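The structure appears below as structure tokens.
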Amino acid sequence: MVDHSELQVPGYEIPPEMQGQVVITTLDRIYNWGRRSSLWPMMFGLACCAIEMIAVQAPRFDLARFGMEVMRPSPRQSDVMIVAGTVTKKMVPAVVRLYNQMPEPKYVVAMGACASSGGPFKAGYNVVAGIDKFIPVDVYIPGCPPTPEALIYGMMKLQEKIDKQSIRQVRWYQKGPDSVQIPVPILGPDLIDPRRAEELKRIAAAQAQTQEG
Amino acid sequence: MYGKGILKGLSVTLKHFIDTYLDDIAWWGKRYYTPEGIARRSSPQGRGIFTIQYPEERRPLPEEFRYLPFLVYDEGPNGEKEIRCTSCGICTKVCPAQCIWIVRTTDPNTGRPVPQPAEFYIDADLCMNCGFCAEYCPFDAIKMDHDFEVASYGRNVYSLEKLLKPASYYAKIRPLNYAREEEARKAKEASKAAKSA
Amino acid sequence: MATVTAPALDLAARFPQAVRPDTRPGYSGWIVEKDHLLEVATALRDEFGYDLLSSVTGVDYYPDTMEVVYHAYKTTGGPGIVFKVQVPRQDPIEVPSVTPIWAGAEFQEREAWDLLGIRFVGHPDLRRILTWEGFAGHPLRKDWKEPFYEEEAKPYKSRWPDGKFFYAEEKNPFKDNLKFPPDFNPEDWTPDKADALLYASLARYLKSDDELKTDRVIINLGPQHPSTHGVFRAVAVLDGETVVALKPVVGYLHRNHEKIGERNTFLQNMPFTDRLDYFNSMSNNWAYALAVEKLMGIQVPERAEYLRVIMAELSRIQNHLILIGMLLNDLGAYFTPSLYAFEERELILDIFEAASGSRMMCNYHRFGGVVRDIPPEALQKLKGLVYDRLPRKVDEFDRLLTENEILVSRLKGVGKLSAEDAIRYSITGPVLRACGVPYDVRRAEPYGIYDRFDFDVAVRYNGDVYDWYLIRLDEIRQSLRILDQAIRQMPEGPVMSTKPQYQVRVPPGEAYGRIEAPKGELGFYVVSNGKPNPWRYHVRAPSFVNITALEKMCVGNKIADFVVILGAIDIVLGELDR
């Protein structure tokens, strides 16, 4: 059932005889309402947090109440990527590739400490210190793992964010490429971010110099 | 008979379906949005719909539930914050993720350390919610919070202002622990007074 | 209880030149000469009956010695044997591979090569396993430092008393978790050969010798695939739809537990063990506590022993329920069984949460007991679950699934493994028992108070996936039996035998603590040198060792059955990749 109160935008006079029969809203509102109520997450789990993500889909918490129950195994059909768990250097090329394959509009939720900044495993040699180093993150949920309610709260925060977007400004209706494409990192002696290749080269050269000197 | 197993299985799902309505009727009007309804659904006797409709309904959290740490302060007579933390550093030493940073206050005149934290940081994006800091704190100054609604649009590094919460809040979320600790503290004070007397 | 095993036999008398007892204080077992390793190992397996190789791992005794440690057991039960090979710590470090004797050593030796740089001569496929081909260095060596290296051991001095907050990135020259050799140039650098080596190892399967000369194809499943239960990748060579060869590629969730574990203090490792097999943090805690308690030589109070059993068995029940639910998901029975399973799991997690504070990452065990007693309401709920609800629900699962014709025809005869093969590949846990080997650590070498309970070791004899499924139901029923007895017998009393302290004193030595985790034998090999942090902290993860035989199970089956087999082995990536 449509919750009319959510759509009603104040500022327009509705004649008394028409009240309850018409809803006046802006295009932005209805556009965002439609999008926020049918966010399809990608069926994509990395580690411990993925289990809580499944628990959110399970009967106790039932994310279907938010229109988010359709977990899509294919990135082509999903709107939101819940990065649930530790992103390792070995895995990050795959994560970035999946992000590139998602069509706009696309959102990223960093669920849990590990996805936000590496978490307790940050010190590890094979762990990416936060997925936001590679892909833009919309909502961060601290916790290890966030309880299912905390994840739902995070998704509500994402809905709030969507509510504030305007159809005139969203990037996928602007000129330019259809969706954000991120260069896929490469596994070398360590993880190489192609965007930083020049910088890495410079620092490594400086490092060599200090060792000689 | 071929297909018997499938029919048997289907009868199980049908039973689940009917149970929902039976329980709805048996608990007419009390099943949703009431504490007893939630308790019933989460009990071994519960049948039928299992969902707790967060955020309208909330799962009662057990007292020991832990999420992120916070710092307890006692409210002084004039409303000033008496921070319990003495910046002894045990929480930073026991923290497995090493996500706690403390700058100890030093007296500007003598240069001696003062038992007060000057700065206190917890990187919530590193914290693994293990509860060691609260468990080993000798002053009951750092405790694990029940507040899980902490999602944000940026990284989360909590400073002293954000971490401080009153003892009354602590007493509310962990009444049994609070009572036990207060009792122990009073007993200690009494024995101290007896000694000095 | 200070050592792993009392030497059950005099190996030195049997091999006077090749074997000498390990006499370092706190250590036990035997040191075998490198050149005689295969001879001694063959004798151990064939003459002395140590047919199950549990764990192979290396220890870096920087700066002189590199040691390979083997733990072997008899499937008939009883204490095991530990033997070691010591080699000088100079590259190339070479040790003969024991894969011809125990095939289950294959992945574990690859791991030792990857992380410690020990070359196993005679290994069929010695590639890196957890990191990638081309990775610089062997990270578990003591002189290898990770990019965010701060100090040799926690707690770090930068946190207190002058703990100005900083991001670890700021201290690294590359401003990130990165480490490159000096003068590294990404443009000159040629991409890694990781997959080239893997495909090269599969190339011999690509030639078909049948008359039709059909093409064989390589397909990749994962690392992001809905059926692989996480970030697991398998590369299969197919002839039509039949699997000809299959190589698991793991390490996508390699979170460096062991390197971090060596930096941590003993206590700080406890919450990290939660994140190994994240379904069963209670069991993981126990295995680790067991290993350290052995080293410390402390006892656990009665009530804590019972609480440990209760929590471990609850954990087993929810693990098996989820396994069945997820297996059915993989079979295409979307989502009814798994949602039913999750309902029961939630109720069990409520008890964990009430007792420990967290649903999944319980962090409940301490050295010398458990952190706190179970609250009375939770105990009440537990009784309701064990006496009433769970038995009913297990029967319901049984009715829902066991006779289902589709399920039966998908599972019967798939992934068949003989008892001999299962033992050879070091498989443990329900899969081994479903192959007809009644081996359960709870009976074979009882730990805790399992010798007091009356329960049967569930065993099935066909060794196919249908039996792997059935044995899970059997085990849930047995766990309920144990729980019933444990709840009735549990005495009142303290739950900790020592004063809670954050810095425990652990005397030097080695210990191997193992338990029957829901997925198989979970072992922690801990070496202490008397300092506050362990010198070596190794996890013998059942998921990791069990997939050694994945290829064996899949070859000859259809590719669709791979999904079923993988689902039924019950892997969890946190533990597989560590």
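Each chain of the structure tokens is named A, B, ... in the order shown, its residues numbered from 1; ligands are numbered from 1 in display order.
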Using only C-alpha atoms, which residues of chain A come within 8 Å of chain B, and what is the closest atom pair for each, with the distance in Å to one decimal? Give it as CSV, sorted by chain and residue number.
residue,atom,partner,partner_atom,distance
A:Pro59,CA,B:Thr51,CA,5.4
A:Arg60,CA,B:Thr51,CA,4.3
A:Phe61,CA,B:Thr51,CA,5.6
A:Asp62,CA,B:Thr51,CA,6.5
A:Gly112,CA,B:Asp125,CA,7.5
A:Ala113,CA,B:Asp125,CA,4.5
A:Cys114,CA,B:Asp125,CA,7.3
A:Ser116,CA,B:Asp125,CA,6.0
A:Ser117,CA,B:Asp125,CA,5.8
A:Gly118,CA,B:Leu126,CA,6.9
A:Gly119,CA,B:Leu126,CA,4.0
A:Pro120,CA,B:Ala97,CA,4.7
A:Phe121,CA,B:Ala97,CA,7.6
A:Lys122,CA,B:Leu126,CA,7.6
A:Asp138,CA,B:Tyr153,CA,6.0
A:Val139,CA,B:Tyr153,CA,4.7
A:Tyr140,CA,B:Ser152,CA,5.3
A:Ile141,CA,B:Ala151,CA,4.3
A:Pro142,CA,B:Asp125,CA,5.5
A:Gly143,CA,B:Tyr67,CA,6.6
A:Cys144,CA,B:Met128,CA,4.9
A:Pro145,CA,B:Met128,CA,7.7
A:Pro146,CA,B:Phe148,CA,7.6
A:Thr147,CA,B:Phe148,CA,7.5
A:Glu149,CA,B:Tyr54,CA,6.9
A:Ala150,CA,B:Phe148,CA,5.4
A:Ile152,CA,B:Tyr54,CA,8.0
A:Tyr153,CA,B:Glu149,CA,6.1
A:Gly154,CA,B:Ala151,CA,5.1
A:Lys157,CA,B:Ala151,CA,7.1
Using backbone DSSP assignments, extract all helix (DSSP H, G or I) residues from segment 49-148 of chain B; output them as an mmCIF file with N, CA, C and O atoms, in the first residue's frame.
data_model
loop_
_atom_site.group_PDB
_atom_site.id
_atom_site.type_symbol
_atom_site.label_atom_id
_atom_site.label_comp_id
_atom_site.auth_asym_id
_atom_site.auth_seq_id
_atom_site.Cartn_x
_atom_site.Cartn_y
_atom_site.Cartn_z
ATOM 1 N N ILE B 90 45.089 0.457 30.720
ATOM 2 C CA ILE B 90 44.891 -0.995 30.613
ATOM 3 C C ILE B 90 44.067 -1.342 29.377
ATOM 4 O O ILE B 90 44.341 -2.313 28.677
ATOM 5 N N CYS B 91 43.061 -0.519 29.068
ATOM 6 C CA CYS B 91 42.242 -0.825 27.890
ATOM 7 C C CYS B 91 43.069 -0.764 26.617
ATOM 8 O O CYS B 91 42.879 -1.569 25.715
ATOM 9 N N THR B 92 44.006 0.175 26.536
ATOM 10 C CA THR B 92 44.830 0.236 25.319
ATOM 11 C C THR B 92 45.742 -0.980 25.234
ATOM 12 O O THR B 92 46.078 -1.421 24.140
ATOM 13 N N LYS B 93 46.117 -1.512 26.404
ATOM 14 C CA LYS B 93 47.028 -2.652 26.376
ATOM 15 C C LYS B 93 46.294 -3.940 26.034
ATOM 16 O O LYS B 93 46.868 -4.840 25.425
ATOM 17 N N VAL B 94 45.038 -4.033 26.451
ATOM 18 C CA VAL B 94 44.330 -5.297 26.245
ATOM 19 C C VAL B 94 43.608 -5.311 24.900
ATOM 20 O O VAL B 94 43.278 -6.367 24.379
ATOM 21 N N PHE B 132 36.821 -6.588 25.754
ATOM 22 C CA PHE B 132 37.936 -6.718 26.697
ATOM 23 C C PHE B 132 38.167 -5.433 27.488
ATOM 24 O O PHE B 132 38.484 -5.483 28.673
ATOM 25 N N CYS B 133 38.035 -4.280 26.825
ATOM 26 C CA CYS B 133 38.325 -3.026 27.518
ATOM 27 C C CYS B 133 37.416 -2.874 28.728
ATOM 28 O O CYS B 133 37.857 -2.503 29.814
ATOM 29 N N ALA B 134 36.120 -3.184 28.525
ATOM 30 C CA ALA B 134 35.180 -3.063 29.630
ATOM 31 C C ALA B 134 35.446 -4.126 30.690
ATOM 32 O O ALA B 134 35.319 -3.891 31.883
ATOM 33 N N GLU B 135 35.846 -5.306 30.220
ATOM 34 C CA GLU B 135 36.022 -6.421 31.145
ATOM 35 C C GLU B 135 37.200 -6.188 32.092
ATOM 36 O O GLU B 135 37.140 -6.548 33.266
ATOM 37 N N TYR B 136 38.268 -5.600 31.568
ATOM 38 C CA TYR B 136 39.473 -5.482 32.381
ATOM 39 C C TYR B 136 39.686 -4.101 32.963
ATOM 40 O O TYR B 136 40.689 -3.861 33.627
#
With 8 Å as the cut-off and only C-alpha atoms counted, what is the closest atom pair between each nearby residue of chain C and chain A? Distances in Å to one decimal, ordered by chain and number, as a Markdown table.
| residue | atom | partner | partner_atom | distance |
| --- | --- | --- | --- | --- |
| C:Thr131 | CA | A:Lys90 | CA | 7.2 |
| C:Trp132 | CA | A:Lys90 | CA | 7.1 |
| C:Gly134 | CA | A:Pro189 | CA | 5.7 |
| C:Phe135 | CA | A:Pro189 | CA | 4.5 |
| C:Ala136 | CA | A:Pro189 | CA | 4.9 |
| C:Pro139 | CA | A:Tyr125 | CA | 7.9 |
| C:Glu146 | CA | A:Tyr125 | CA | 5.2 |
| C:Pro147 | CA | A:Tyr125 | CA | 6.4 |
| C:Phe148 | CA | A:Ala123 | CA | 5.5 |
| C:Tyr149 | CA | A:Ala123 | CA | 7.2 |
| C:Pro173 | CA | A:Ile203 | CA | 7.0 |
| C:Phe174 | CA | A:Ile203 | CA | 6.6 |
| C:Asp176 | CA | A:Ala129 | CA | 7.4 |
| C:Asn177 | CA | A:Ala129 | CA | 6.5 |
| C:Leu178 | CA | A:Asp190 | CA | 6.3 |
| C:Lys179 | CA | A:Asp190 | CA | 6.3 |
| C:Phe180 | CA | A:Asp190 | CA | 6.4 |
| C:Pro181 | CA | A:Ala204 | CA | 7.1 |
| C:Pro182 | CA | A:Ala208 | CA | 4.6 |
| C:Asp183 | CA | A:Ala205 | CA | 4.4 |
| C:Phe184 | CA | A:Ala204 | CA | 5.5 |
| C:Asn185 | CA | A:Lys201 | CA | 5.1 |
| C:Pro186 | CA | A:Ala197 | CA | 6.1 |
| C:Glu187 | CA | A:Ala197 | CA | 7.8 |
| C:Pro191 | CA | A:Gly188 | CA | 6.7 |
| C:Asp192 | CA | A:Gly188 | CA | 6.1 |
| C:Pro223 | CA | A:Ala94 | CA | 7.5 |
| C:Gln224 | CA | A:Phe44 | CA | 6.9 |
| C:His225 | CA | A:Pro73 | CA | 7.3 |
| C:Pro226 | CA | A:Pro73 | CA | 6.0 |
| C:Gly230 | CA | A:Leu46 | CA | 5.7 |
| C:Val231 | CA | A:Leu46 | CA | 6.0 |
| C:Gly251 | CA | A:Lys90 | CA | 7.2 |
| C:Tyr252 | CA | A:Met91 | CA | 5.1 |
| C:Leu253 | CA | A:Thr88 | CA | 6.0 |
| C:His254 | CA | A:Asn126 | CA | 6.7 |
| C:Arg255 | CA | A:Asn126 | CA | 6.2 |
| C:Asn256 | CA | A:Gly124 | CA | 5.4 |
| C:His257 | CA | A:Gly124 | CA | 7.8 |
| C:Lys259 | CA | A:Gly124 | CA | 7.2 |
| C:Ile260 | CA | A:Gly124 | CA | 6.4 |
| C:Arg275 | CA | A:Cys48 | CA | 6.8 |
| C:Tyr278 | CA | A:Cys48 | CA | 5.7 |
| C:Leu339 | CA | A:Ala58 | CA | 5.7 |
| C:Phe342 | CA | A:Ala58 | CA | 6.3 |
| C:Glu343 | CA | A:Pro59 | CA | 6.5 |
| C:Glu346 | CA | A:Arg60 | CA | 7.3 |
| C:Arg359 | CA | A:Thr147 | CA | 7.8 |
| C:Met360 | CA | A:Pro145 | CA | 7.8 |
| C:Met361 | CA | A:Pro145 | CA | 7.7 |
| C:Leu573 | CA | A:Ala47 | CA | 7.1 |
| C:Gly574 | CA | A:Ala47 | CA | 6.3 |
Generate a file of the selected residues that holds C-alpha atoms, formatted as an mmCIF file, in the first residue's frame.
data_model
loop_
_atom_site.group_PDB
_atom_site.id
_atom_site.type_symbol
_atom_site.label_atom_id
_atom_site.label_comp_id
_atom_site.auth_asym_id
_atom_site.auth_seq_id
_atom_site.Cartn_x
_atom_site.Cartn_y
_atom_site.Cartn_z
ATOM 1 C CA THR C 131 48.794 -15.399 -1.269
ATOM 2 C CA TRP C 132 49.239 -15.119 -5.011
ATOM 3 C CA GLY C 134 54.365 -13.217 -7.510
ATOM 4 C CA PHE C 135 53.822 -12.061 -3.945
ATOM 5 C CA ALA C 136 57.055 -10.752 -2.487
ATOM 6 C CA PRO C 139 55.089 -13.531 5.354
ATOM 7 C CA GLU C 146 54.085 -6.317 7.022
ATOM 8 C CA PRO C 147 53.490 -2.820 5.567
ATOM 9 C CA PHE C 148 51.696 -1.566 8.680
ATOM 10 C CA TYR C 149 54.395 -2.973 10.937
ATOM 11 C CA PRO C 173 55.779 5.493 2.746
ATOM 12 C CA PHE C 174 53.148 4.424 0.224
ATOM 13 C CA ASP C 176 48.534 2.594 2.248
ATOM 14 C CA ASN C 177 48.846 -1.042 3.247
ATOM 15 C CA LEU C 178 51.522 -1.511 0.625
ATOM 16 C CA LYS C 179 55.094 -2.623 0.431
ATOM 17 C CA PHE C 180 57.126 -2.637 -2.752
ATOM 18 C CA PRO C 181 60.723 -3.470 -3.357
ATOM 19 C CA PRO C 182 62.863 -0.325 -3.751
ATOM 20 C CA ASP C 183 62.926 1.055 -7.272
ATOM 21 C CA PHE C 184 59.789 -0.810 -8.210
ATOM 22 C CA ASN C 185 58.281 0.442 -11.422
ATOM 23 C CA PRO C 186 54.728 -0.643 -12.244
ATOM 24 C CA GLU C 187 55.295 0.050 -15.923
ATOM 25 C CA PRO C 191 51.813 -9.079 -14.869
ATOM 26 C CA ASP C 192 51.950 -12.029 -12.583
ATOM 27 C CA PRO C 223 35.510 -16.136 -6.449
ATOM 28 C CA GLN C 224 32.098 -14.456 -6.567
ATOM 29 C CA HIS C 225 29.596 -17.199 -7.158
ATOM 30 C CA PRO C 226 26.347 -17.760 -5.291
ATOM 31 C CA GLY C 230 31.896 -17.131 0.119
ATOM 32 C CA VAL C 231 34.950 -16.161 -1.816
ATOM 33 C CA GLY C 251 43.169 -17.346 -0.228
ATOM 34 C CA TYR C 252 40.570 -14.769 -1.185
ATOM 35 C CA LEU C 253 39.802 -14.311 2.482
ATOM 36 C CA HIS C 254 43.335 -14.750 3.760
ATOM 37 C CA ARG C 255 43.232 -12.367 6.702
ATOM 38 C CA ASN C 256 46.635 -13.201 8.132
ATOM 39 C CA HIS C 257 45.342 -14.675 11.371
ATOM 40 C CA LYS C 259 50.848 -13.254 11.490
ATOM 41 C CA ILE C 260 48.505 -11.074 13.523
ATOM 42 C CA ARG C 275 36.400 -14.940 13.280
ATOM 43 C CA TYR C 278 32.351 -17.526 12.189
ATOM 44 C CA LEU C 339 14.714 -19.955 6.344
ATOM 45 C CA PHE C 342 17.650 -19.644 10.372
ATOM 46 C CA GLU C 343 14.663 -19.466 12.743
ATOM 47 C CA GLU C 346 18.253 -17.204 15.863
ATOM 48 C CA ARG C 359 25.398 -13.201 18.616
ATOM 49 C CA MET C 360 28.218 -14.427 16.473
ATOM 50 C CA MET C 361 31.540 -13.330 17.888
ATOM 51 C CA LEU C 573 36.000 -19.327 4.203
ATOM 52 C CA GLY C 574 37.099 -17.521 7.326
#
### Task
For segment 179-194 of chain B, please output as a list in words all residues within 8 Å (counting only C-alpha atoms; exclusion window: fewer than 4 positions along the same chain).
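Returned residues: Asp140, Ala171 and Pro175 of chain B.
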### Message
Can you work out which residues from chain B touch chain C at a cut-off of 8 Å (counting only C-alpha atoms) and hand them back as an NGL selection string?
### Response
:B and (2-6 or 8-10 or 12-13 or 42-45 or 50 or 62-66 or 87 or 89 or 92-96 or 98 or 100-104 or 119 or 121 or 130 or 136)
Mind dumping the selected residues with N, CA, C and O atoms as a tab-separated table (two decimals), in the first residue's frame?
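selection.tsv was written with the following content:
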chain	number	residue	atom	x	y	z
B	2	TYR	N	5.90	-43.07	-5.50
B	2	TYR	CA	6.79	-41.99	-5.89
B	2	TYR	C	6.10	-40.65	-5.66
B	2	TYR	O	4.94	-40.47	-6.03
B	3	GLY	N	6.78	-39.75	-5.06
B	3	GLY	CA	6.17	-38.46	-4.77
B	3	GLY	C	5.69	-38.34	-3.35
B	3	GLY	O	5.28	-37.27	-2.91
B	4	LYS	N	5.77	-39.45	-2.60
B	4	LYS	CA	5.32	-39.42	-1.21
B	4	LYS	C	6.18	-38.47	-0.38
B	4	LYS	O	5.67	-37.71	0.45
B	5	GLY	N	7.48	-38.54	-0.64
B	5	GLY	CA	8.40	-37.69	0.13
B	5	GLY	C	8.10	-36.22	-0.09
B	5	GLY	O	8.12	-35.43	0.86
B	6	ILE	N	7.79	-35.86	-1.33
B	6	ILE	CA	7.51	-34.45	-1.63
B	6	ILE	C	6.23	-34.02	-0.92
B	6	ILE	O	6.17	-32.94	-0.32
B	8	LYS	N	4.95	-35.26	1.76
B	8	LYS	CA	5.23	-35.17	3.18
B	8	LYS	C	5.87	-33.82	3.50
B	8	LYS	O	5.51	-33.15	4.47
B	9	GLY	N	6.81	-33.44	2.64
B	9	GLY	CA	7.48	-32.16	2.83
B	9	GLY	C	6.50	-31.01	2.72
B	9	GLY	O	6.53	-30.06	3.51
B	10	LEU	N	5.62	-31.11	1.73
B	10	LEU	CA	4.66	-30.02	1.54
B	10	LEU	C	3.74	-29.88	2.75
B	10	LEU	O	3.34	-28.78	3.11
B	12	VAL	N	4.59	-30.26	5.72
B	12	VAL	CA	5.32	-29.50	6.74
B	12	VAL	C	5.19	-28.01	6.48
B	12	VAL	O	4.91	-27.23	7.40
B	13	THR	N	5.37	-27.62	5.22
B	13	THR	CA	5.27	-26.18	4.94
B	13	THR	C	3.85	-25.70	5.15
B	13	THR	O	3.63	-24.59	5.62
B	42	SER	N	9.90	-14.82	20.23
B	42	SER	CA	11.31	-15.23	20.39
B	42	SER	C	11.47	-16.38	21.36
B	42	SER	O	12.58	-16.70	21.74
B	43	SER	N	10.37	-16.96	21.81
B	43	SER	CA	10.50	-18.02	22.80
B	43	SER	C	10.44	-19.37	22.10
B	43	SER	O	9.98	-19.47	20.97
B	44	PRO	N	10.91	-20.42	22.77
B	44	PRO	CA	10.85	-21.74	22.15
B	44	PRO	C	9.41	-22.16	21.84
B	44	PRO	O	9.19	-23.02	21.00
B	45	GLN	N	8.43	-21.55	22.51
B	45	GLN	CA	7.04	-21.94	22.26
B	45	GLN	C	6.45	-21.23	21.05
B	45	GLN	O	5.36	-21.56	20.61
B	50	PHE	N	7.74	-15.01	12.60
B	50	PHE	CA	8.88	-14.93	13.50
B	50	PHE	C	9.46	-13.53	13.48
B	50	PHE	O	10.29	-13.18	14.31
B	62	PRO	N	19.76	-8.38	25.55
B	62	PRO	CA	20.18	-8.88	26.86
B	62	PRO	C	21.16	-7.89	27.49
B	62	PRO	O	21.80	-7.10	26.80
B	63	GLU	N	21.23	-7.97	28.81
B	63	GLU	CA	22.07	-7.01	29.52
B	63	GLU	C	23.51	-7.02	29.03
B	63	GLU	O	24.15	-5.99	28.91
B	64	GLU	N	24.02	-8.22	28.71
B	64	GLU	CA	25.44	-8.32	28.36
B	64	GLU	C	25.71	-7.93	26.91
B	64	GLU	O	26.86	-7.97	26.47
B	65	PHE	N	24.69	-7.57	26.16
B	65	PHE	CA	24.87	-7.21	24.75
B	65	PHE	C	25.96	-6.15	24.64
B	65	PHE	O	26.01	-5.21	25.43
B	66	ARG	N	26.83	-6.33	23.66
B	66	ARG	CA	27.90	-5.34	23.50
B	66	ARG	C	27.99	-4.88	22.07
B	66	ARG	O	27.88	-5.68	21.15
B	87	SER	N	42.98	7.21	32.92
B	87	SER	CA	43.98	7.01	31.86
B	87	SER	C	45.12	6.11	32.33
B	87	SER	O	46.29	6.40	32.11
B	89	GLY	N	45.51	3.17	31.11
B	89	GLY	CA	46.03	2.55	29.89
B	89	GLY	C	45.81	1.06	29.77
B	89	GLY	O	46.28	0.46	28.82
B	92	THR	N	44.01	0.18	26.54
B	92	THR	CA	44.83	0.24	25.32
B	92	THR	C	45.74	-0.98	25.23
B	92	THR	O	46.08	-1.42	24.14
B	93	LYS	N	46.12	-1.51	26.40
B	93	LYS	CA	47.03	-2.65	26.38
B	93	LYS	C	46.29	-3.94	26.03
B	93	LYS	O	46.87	-4.84	25.43
B	94	VAL	N	45.04	-4.03	26.45
B	94	VAL	CA	44.33	-5.30	26.24
B	94	VAL	C	43.61	-5.31	24.90
B	94	VAL	O	43.28	-6.37	24.38
B	95	CYS	N	43.41	-4.15	24.30
B	95	CYS	CA	42.61	-4.09	23.06
B	95	CYS	C	43.27	-4.89	21.94
B	95	CYS	O	44.39	-4.59	21.54
B	96	PRO	N	42.60	-5.92	21.42
B	96	PRO	CA	43.22	-6.75	20.39
B	96	PRO	C	43.42	-6.00	19.07
B	96	PRO	O	44.37	-6.26	18.34
B	98	GLN	N	43.86	-2.79	18.88
B	98	GLN	CA	44.66	-1.59	19.19
B	98	GLN	C	43.96	-0.35	18.64
B	98	GLN	O	44.56	0.46	17.93
B	100	ILE	N	42.29	1.90	20.63
B	100	ILE	CA	42.10	2.93	21.65
B	100	ILE	C	43.39	3.75	21.78
B	100	ILE	O	44.48	3.19	21.88
B	101	TRP	N	43.21	5.05	21.75
B	101	TRP	CA	44.33	5.98	21.90
B	101	TRP	C	44.05	6.87	23.10
B	101	TRP	O	42.96	7.47	23.18
B	102	ILE	N	45.00	6.98	24.02
B	102	ILE	CA	44.79	7.85	25.18
B	102	ILE	C	45.99	8.78	25.34
B	102	ILE	O	47.14	8.31	25.33
B	103	VAL	N	45.72	10.05	25.50
B	103	VAL	CA	46.76	10.99	25.91
B	103	VAL	C	46.50	11.31	27.37
B	103	VAL	O	45.41	11.76	27.74
B	104	ARG	N	47.50	11.06	28.20
B	104	ARG	CA	47.34	11.29	29.62
B	104	ARG	C	47.55	12.77	29.90
B	104	ARG	O	48.39	13.43	29.29
B	119	GLU	N	43.08	13.35	26.01
B	119	GLU	CA	42.40	12.99	24.78
B	119	GLU	C	42.13	11.50	24.83
B	119	GLU	O	42.90	10.75	25.43
B	121	TYR	N	40.61	8.54	22.14
B	121	TYR	CA	40.05	8.24	20.82
B	121	TYR	C	39.76	6.76	20.71
B	121	TYR	O	40.54	5.92	21.18
B	130	CYS	N	34.91	-6.74	21.11
B	130	CYS	CA	35.18	-7.94	21.90
B	130	CYS	C	34.85	-7.74	23.37
B	130	CYS	O	34.61	-8.69	24.08
B	136	TYR	N	38.27	-5.60	31.57
B	136	TYR	CA	39.47	-5.48	32.38
B	136	TYR	C	39.69	-4.10	32.96
B	136	TYR	O	40.69	-3.86	33.63
### Message
List as a PyMOL selection string the protein and nucleic acid residues near Glu82 of chain B, meaning an atom at most 9 Å away when only C-alpha atoms are counted, but skip any in the same chain fewer than 5 places from it.
### Response
chain B and resi 72-76
Write a file of the selected residues as a short mmCIF file (atom, residue, chain, number, x, y, z; two decimals), in the first residue's frame, keeping all heavy atoms.
data_model
loop_
_atom_site.label_atom_id
_atom_site.label_comp_id
_atom_site.auth_asym_id
_atom_site.auth_seq_id
_atom_site.Cartn_x
_atom_site.Cartn_y
_atom_site.Cartn_z
N VAL B 72 32.16 6.19 30.87
CA VAL B 72 31.15 6.55 31.86
C VAL B 72 31.63 7.76 32.65
O VAL B 72 32.80 7.82 33.04
CB VAL B 72 30.91 5.38 32.83
CG1 VAL B 72 29.77 5.69 33.77
CG2 VAL B 72 30.62 4.11 32.07
N TYR B 73 30.74 8.72 32.85
CA TYR B 73 31.06 9.78 33.79
C TYR B 73 29.97 9.87 34.85
O TYR B 73 28.80 9.56 34.58
CB TYR B 73 31.26 11.13 33.09
CG TYR B 73 30.03 11.76 32.49
CD1 TYR B 73 29.14 12.51 33.27
CD2 TYR B 73 29.75 11.61 31.14
CE1 TYR B 73 28.02 13.09 32.72
CE2 TYR B 73 28.62 12.18 30.57
CZ TYR B 73 27.76 12.92 31.36
OH TYR B 73 26.64 13.48 30.83
N ASP B 74 30.34 10.23 36.05
CA ASP B 74 29.37 10.46 37.12
C ASP B 74 29.00 11.93 37.09
O ASP B 74 29.84 12.79 36.84
CB ASP B 74 29.99 10.12 38.48
CG ASP B 74 30.23 8.62 38.60
OD1 ASP B 74 29.27 7.88 38.38
OD2 ASP B 74 31.36 8.22 38.90
N GLU B 75 27.72 12.18 37.37
CA GLU B 75 27.29 13.57 37.39
C GLU B 75 27.57 14.16 38.75
O GLU B 75 27.12 13.64 39.78
CB GLU B 75 25.81 13.66 37.05
CG GLU B 75 25.58 13.54 35.56
CD GLU B 75 24.28 12.85 35.22
OE1 GLU B 75 24.03 11.75 35.74
OE2 GLU B 75 23.52 13.42 34.44
N GLY B 76 28.34 15.23 38.77
CA GLY B 76 28.66 15.89 40.02
C GLY B 76 27.46 16.69 40.53
O GLY B 76 26.44 16.81 39.83
#
#### Entry: Spatial neighbours of Phe367 of chain C, max dist 9 Å, only C-alpha atoms, sep filter under 6 positions, as a PyMOL selection string
chain C and resi 267+288-290+292-293+296+298-300+496-498+500+504
### Task
Run DSSP on the backbone and give me the residues of segment 28-191 of chain B it puts in strand (DSSP E or B), as a count of residues only.
37
### Query
Which residues, written as a list in words, have at least one atom at most 10 Å from Met66 of chain C, with only C-alpha atoms counted and residues fewer than 6 positions away on the same chain left out?
Gly58, Val59, Asp60, Val85, Gln86, Val87, Pro88, Arg89, Gln90, Ile93, Glu94, Leu116, Gly117, Ile118 and Arg141 of chain C
